[in-house]
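Asks: File follows, structure.cif with mmCIF, C-alpha atoms:
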data_run
#
loop_
_atom_site.label_atom_id
_atom_site.label_comp_id
_atom_site.auth_asym_id
_atom_site.auth_seq_id
_atom_site.Cartn_x
_atom_site.Cartn_y
_atom_site.Cartn_z
CA MET A 72 52.73 -65.56 152.17
CA ASP A 73 49.50 -65.16 153.68
CA VAL A 74 46.24 -64.34 151.98
CA ALA A 75 46.05 -60.75 153.17
CA SER A 76 49.44 -59.99 151.73
CA GLN A 77 48.48 -61.61 148.50
CA ASN A 78 45.28 -59.63 148.33
CA THR A 79 47.18 -56.43 149.01
CA LEU A 80 49.71 -57.36 146.38
CA LEU A 81 46.94 -58.23 143.93
CA ALA A 82 45.20 -54.92 144.67
CA LEU A 83 48.44 -53.08 144.04
CA VAL A 84 49.01 -54.90 140.75
CA VAL A 85 45.43 -54.10 139.68
CA VAL A 86 45.97 -50.43 140.56
CA ILE A 87 49.27 -50.39 138.64
CA VAL A 88 47.65 -52.06 135.62
CA ALA A 89 44.74 -49.57 135.78
CA LEU A 90 47.17 -46.69 135.95
CA CYS A 91 49.10 -48.08 132.97
CA VAL A 92 45.83 -48.38 131.00
CA VAL A 93 44.88 -44.79 131.93
CA GLN A 94 48.38 -43.63 130.98
CA THR A 95 48.16 -45.46 127.65
CA ILE A 96 44.74 -43.98 126.90
CA THR A 97 46.00 -40.50 127.82
CA LEU A 98 49.03 -41.01 125.62
CA LEU A 99 46.80 -42.21 122.78
CA VAL A 100 44.57 -39.13 123.16
CA LEU A 101 47.65 -36.89 123.12
CA VAL A 102 48.95 -38.58 119.94
CA LEU A 103 45.59 -38.19 118.21
CA THR A 104 45.29 -34.57 119.29
CA PHE A 105 48.84 -33.91 118.10
CA ARG A 106 48.03 -35.51 114.72
CA LYS A 107 44.96 -33.27 114.32
CA TRP A 108 46.93 -30.23 115.31
CA SER A 109 49.79 -31.25 113.00
CA SER A 110 47.43 -31.71 110.04
CA ARG A 111 45.83 -28.32 110.77
CA MET A 112 49.27 -26.71 110.92
CA ALA A 113 50.26 -28.43 107.66
CA ALA A 114 47.08 -27.12 106.01
CA LEU A 115 47.77 -23.62 107.35
CA ALA A 116 51.37 -23.81 106.17
CA GLU A 117 50.21 -25.01 102.76
CA ASP A 118 47.69 -22.14 102.55
CA ALA A 119 50.36 -19.67 103.63
CA THR A 120 52.77 -21.09 101.07
CA ARG A 121 50.12 -21.02 98.35
CA ASN A 122 49.18 -17.42 99.22
CA ALA A 123 52.76 -16.24 99.71
CA GLU A 124 54.07 -17.76 96.50
CA PRO A 125 52.48 -15.12 94.17
CA VAL A 126 53.62 -12.38 96.50
CA LEU A 127 57.16 -13.76 96.49
CA ARG A 128 57.09 -14.10 92.69
CA ALA A 129 55.91 -10.50 92.35
CA ALA A 130 58.60 -9.37 94.80
CA ARG A 131 61.28 -11.19 92.76
CA GLU A 132 60.06 -9.56 89.55
CA LEU A 133 59.95 -6.17 91.26
CA LEU A 134 63.48 -6.68 92.54
CA ALA A 135 64.68 -7.72 89.08
CA ASP A 136 63.05 -4.66 87.48
CA SER A 137 64.28 -2.42 90.27
CA LYS A 138 67.79 -3.79 89.92
CA GLU A 139 67.90 -2.82 86.24
CA LYS A 140 66.43 0.59 86.97
CA LEU A 141 68.76 1.16 89.92
CA ASN A 142 71.72 0.20 87.73
CA LEU A 143 70.53 2.68 85.09
CA VAL A 144 70.05 5.42 87.71
CA SER A 145 73.47 4.64 89.15
CA GLN A 146 75.08 4.85 85.72
CA ASN A 147 73.28 8.15 85.06
CA LEU A 148 74.49 9.56 88.37
CA VAL A 149 78.06 8.52 87.60
CA GLU A 150 77.81 10.12 84.15
CA ILE A 151 76.28 13.32 85.58
CA SER A 152 78.99 13.58 88.22
CA GLN A 153 81.68 13.04 85.55
CA LEU A 154 80.12 15.73 83.31
CA THR A 155 79.86 18.09 86.27
CA LYS A 156 83.49 17.44 87.14
CA ASN A 157 84.53 18.11 83.53
CA GLN A 158 82.50 21.34 83.41
CA VAL A 159 83.99 22.55 86.70
CA THR A 160 87.47 21.77 85.37
CA ARG A 161 86.73 23.66 82.14
CA PHE A 162 85.31 26.60 84.11
CA ASP A 163 88.40 26.62 86.33
CA LEU A 164 90.67 26.64 83.28
CA LEU A 165 88.59 29.39 81.67
CA PHE A 166 88.61 31.46 84.85
CA THR A 167 92.38 30.98 85.26
CA ASP A 168 92.98 31.96 81.64
CA LEU A 169 90.67 34.96 81.98
CA SER A 170 92.39 36.16 85.16
CA ASP A 171 95.83 35.74 83.52
CA ARG A 172 94.73 37.72 80.47
CA LEU A 173 93.14 40.39 82.63
CA ARG A 174 96.34 40.67 84.67
CA LEU A 175 98.39 41.05 81.45
CA GLN A 176 96.00 43.69 80.12
CA MET A 177 96.20 45.60 83.40
CA ILE A 178 100.00 45.48 83.20
CA ARG A 179 99.84 46.76 79.60
CA VAL A 180 97.45 49.57 80.57
CA ASP A 181 99.74 50.51 83.46
CA GLN A 182 102.77 50.57 81.14
CA LEU A 183 100.81 52.58 78.56
CA LEU A 184 99.77 55.14 81.18
CA SER A 185 103.31 55.33 82.56
CA ASN A 186 104.73 55.85 79.07
CA THR A 187 102.05 58.45 78.28
CA VAL A 188 102.77 60.38 81.47
CA ALA A 189 106.50 60.25 80.76
CA ARG A 190 105.97 61.51 77.20
CA VAL A 191 103.66 64.29 78.39
CA GLU A 192 106.31 65.36 80.87
CA GLU A 193 109.00 65.22 78.17
CA THR A 194 106.77 67.20 75.79
CA THR A 195 106.02 69.80 78.46
CA GLU A 196 109.71 70.12 79.23
CA THR A 197 110.56 70.39 75.52
CA ILE A 198 107.86 73.03 75.01
CA GLN A 199 109.15 75.00 77.95
CA ARG A 200 112.71 74.71 76.74
CA ASN A 201 112.13 75.29 73.03
CA VAL A 202 109.04 77.48 72.90
CA LEU A 203 108.59 79.33 76.19
CA ALA A 204 112.25 80.20 76.69
CA PRO A 205 112.46 82.02 73.32
CA ILE A 206 109.10 83.67 74.01
CA ARG A 207 110.49 84.94 77.34
CA GLU A 208 113.57 86.21 75.60
CA ILE A 209 111.46 87.94 72.95
CA SER A 210 109.25 89.35 75.70
CA ALA A 211 112.33 90.61 77.53
CA ILE A 212 113.68 92.16 74.31
CA LEU A 213 110.30 93.82 73.63
CA ALA A 214 110.20 95.13 77.19
CA GLY A 215 113.68 96.58 76.66
CA VAL A 216 112.62 98.11 73.34
CA ARG A 217 109.49 99.57 74.98
CA THR A 218 111.55 101.00 77.80
CA ALA A 219 113.97 102.46 75.27
CA LEU A 220 111.09 103.96 73.26
CA ASP A 221 109.52 105.34 76.42
CA TYR A 222 112.83 106.83 77.35
CA LEU A 223 113.25 108.38 73.94
CA ARG A 224 109.72 109.71 73.93
CA HIS A 225 109.99 111.14 77.38
CA ARG A 226 113.39 112.53 76.82
CA ASN A 227 111.92 115.62 75.24
CA LYS A 228 109.88 116.33 78.31
CA THR A 229 111.40 118.39 80.98
CA ARG A 230 112.82 116.94 84.01
CA VAL A 231 110.28 118.70 86.15
CA GLU A 232 107.41 117.10 84.32
CA ARG A 233 109.03 113.79 84.65
CA ALA A 234 109.62 114.27 88.35
CA THR A 235 105.99 115.35 88.77
CA GLN A 236 104.82 112.43 86.77
CA GLU A 237 106.96 110.09 88.81
CA GLU A 238 105.63 111.63 92.03
CA GLU A 239 102.10 111.15 90.83
CA LEU A 240 102.84 107.56 90.08
CA PHE A 241 104.45 107.18 93.47
CA ILE A 242 101.39 108.52 95.28
#
Any chance you could put this one into structure tokens?

Replies:
Amino acid sequence: MDVASQNTLLALVVVIVALCVVQTITLLVLVLTFRKWSSRMAALAEDATRNAEPVLRAARELLADSKEKLNLVSQNLVEISQLTKNQVTRFDLLFTDLSDRLRLQMIRVDQLLSNTVARVEETTETIQRNVLAPIREISAILAGVRTALDYLRHRNKTRVERATQEEELFI
């Protein structure tokens, strides 16, 4: 090989070595920067953990207290709904019993009124048969007696007077 080729080759090797050194330095700077950044992030994470830990503890306690209270509220709601259901059932039974009794009383009142009307009709019929019929007969007998007495009293009068009297009545 000739000297010019060797010089060119040497120059290329020097350039490659320089580039490798620059690449190594750049890589070293990146590693150092990453370490700094990593330590900062670790410190931030540690601060966040330290600050979040009391909050998380308080949240756990709150959840534990809330769980007990929610269980108590849930039990109370179940008990209230059961009591309400029982009261509605009792009210339904009471209302059913009341309506049945009212229906029976209405039937009894209807029967009582029907019996009363029937008895009043029977009594009216009995009164008409036993009281009014004899009164009519007595009235008819008294009318006959009156007519007979009138006839006997007027018998002494002359026929002319009677005819005149009858004419006057006719007019």

Asks: Please compute the atom CA of Thr155 of chain A-atom CA of Arg172 of chain A distance, one decimal, in Å.

Replies: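 So the answer is 25.3 Å.
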
Asks: What does the distance from atom CA of Ile206 of chain A to atom CA of Val191 of chain A come to in Å, to one decimal?

Replies: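 Going from atom CA of Ile206 of chain A over to atom CA of Val191 of chain A, I get 20.6 Å.
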
Asks: Rounded to one decimal, what separation in Å do you get between atom CA of Val202 of chain A and atom CA of Arg190 of chain A?

Replies: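 One can read the atom CA of Val202 of chain A to atom CA of Arg190 of chain A distance as 16.8 Å.
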